[in-house]
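For reference, the structure is listed below as structure tokens.
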Amino acid sequence: MILTLLRLFWSFVKIGFTSFGGLSMIPLISHEVISNGWMSLSEVSDIVAIAEMTPGPLGLNCATFAGIHAAGIPGAVIANLGVLAPTFTLTAIVGAFFQKFQKSRRMEQLLTGVRPVCIGLLAGVIASFCQTNYVVDSVISPQAILIGVIDLALLLHWKVSIPKVILLSAVLGLILFR
């Protein structure tokens, strides 16, 4: 149990130090929890969906769910401490040197270079989640694709709120997949 807690802490420290929050954390969380055998790709897809629906930051919510899955309540606490440790550390360092970083051209260039990497990581996660969410019994599911297209249209065209789209998706899933 202690070894699992240490691995959880270290995994989420790495996630916290190498991601920029929000959706950019998903590829790293997915890799860590799958490579450590704590969850399957399908379970990761589920925790990301649940983490998006629940209040709070995505990284903390995912850390909580992954930690509970791997080692119960102590796992959730340790995973959260791990994902928060880099933020606290970097915030303290940046706060100490704020004036210097504020006008640094190199820092601006660094952040500009990181954006395409985050987009590439997200594209990879989207591709792997599509296999989990739109393929049923090794066959592409037209019903799942229909739900995805409806959701996309509701979000982008009609600006329907995310909780309403999630609720509608659940109802459609129950109706179409019985």
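To be explicit about the labels: the chains of the structure tokens are called A, B, and onward in the order shown, and within each one the residues are counted from 1, while ligands get numbers from 1 in the order they are shown.
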request  = For segment 81-94 of chain A, please output as a ChimeraX atom specification all residues within 12 Å (counting only C-alpha atoms; exclusion window: fewer than 6 positions along the same chain).
outcome  = /A:5-21,25,28-29,57-64,66-67,74-75,100-102,107
Could you write out, as a short mmCIF file (atom, residue, chain, number, x, y, z; two decimals) with all heavy atoms, in the first residue's frame, all the residues of segment 27-157 of chain A that DSSP marks as strand (DSSP E)?
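Below is the file selection-v3.cif, written as the result:
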data_model
loop_
_atom_site.label_atom_id
_atom_site.label_comp_id
_atom_site.auth_asym_id
_atom_site.auth_seq_id
_atom_site.Cartn_x
_atom_site.Cartn_y
_atom_site.Cartn_z
N VAL A 135 -16.53 3.14 -30.54
CA VAL A 135 -16.40 1.77 -31.04
C VAL A 135 -16.98 0.83 -29.99
O VAL A 135 -16.56 0.84 -28.84
CB VAL A 135 -14.92 1.42 -31.33
CG1 VAL A 135 -14.78 -0.03 -31.76
CG2 VAL A 135 -14.35 2.35 -32.39
N VAL A 136 -17.98 0.05 -30.40
CA VAL A 136 -18.63 -0.91 -29.51
C VAL A 136 -18.46 -2.30 -30.12
O VAL A 136 -18.85 -2.52 -31.26
CB VAL A 136 -20.14 -0.57 -29.33
CG1 VAL A 136 -20.82 -1.60 -28.45
CG2 VAL A 136 -20.30 0.83 -28.76
N VAL A 139 -16.77 -2.48 -33.50
CA VAL A 139 -17.50 -1.92 -34.64
C VAL A 139 -17.83 -0.46 -34.30
O VAL A 139 -18.25 -0.15 -33.18
CB VAL A 139 -18.81 -2.70 -34.90
CG1 VAL A 139 -19.61 -2.08 -36.03
CG2 VAL A 139 -18.51 -4.16 -35.19
N ILE A 140 -17.66 0.42 -35.28
CA ILE A 140 -18.02 1.83 -35.07
C ILE A 140 -19.52 1.91 -34.84
O ILE A 140 -20.32 1.35 -35.60
CB ILE A 140 -17.59 2.68 -36.27
CG1 ILE A 140 -16.07 2.71 -36.37
CG2 ILE A 140 -18.14 4.11 -36.14
CD1 ILE A 140 -15.53 3.44 -37.57
#
Residues within 8 Å of segment 171-178 of chain A, only C-alpha atoms, excluding chain neighbours under 3 positions, as a list of chain:residue names =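 These residues fall inside the cut-off: A:Gln143, A:Ala144, A:Ile147, A:Leu167, A:Leu168.
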ask   = Pick from A:Ser45, A:Leu3, A:Ser24, A:Gly72: nearest to Val114 of chain A, with only C-alpha atoms counted?
value =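 Among the listed residues, the smallest separation from Val114 of chain A belongs to A:Ser24.
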ask   = Between A:Trp38, A:Thr54, A:Ile26, A:Gly148, which has the minimum distance to Ala71 of chain A (counting only C-alpha atoms)?
value =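 Using only C-alpha atoms, Ala71 of chain A sits closest to A:Trp38.
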key: Minimum-distance residue to Thr132 of chain A, chosen among A:Val117, A:Ile145, A:Ala96, A:Leu152 (using only C-alpha atoms)   = A:Ile145
message = Just the number, please: distance in Å from atom CA of Asn80 of chain A to atom CA of Ser169 of chain A, one decimal.
response =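 That distance, rounded to one decimal, is 29.5 Å.
If you look at atom CA of Glu43 of chain A and atom CA of Pro27 of chain A, they are 13.7 Å away from each other.
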request  = Please report, as an MDAnalysis selection string, each residue of segment 31-86 of chain A to which DSSP assigns helix (DSSP H, G or I) when run on this structure's backbone.
outcome  = chainID A and resid 31:35 41:53 58:86
remark   = Of A:Arg105, A:Lys159, A:Lys164, A:His31, the one nearest to Leu121 of chain A when counting only C-alpha atoms is A:His31
Given only C-alpha atoms as the counted atoms, nearest of A:Ile162, A:Leu111, A:Leu41, A:Ile50 to Ala127 of chain A =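 Of all the options, A:Leu41 lies closest to Ala127 of chain A.
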Proximity to Gly22 of chain A - best of A:Ser35, A:Glu52, A:Ser42, A:Gly95, only C-alpha atoms =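 Looking at the shortest contact to Gly22 of chain A, the residue is A:Glu52.
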message = What does the structure give for the distance between atom CA of Phe97 of chain A and atom CA of Cys118 of chain A, in Å to one decimal?
response = 25.5 Å
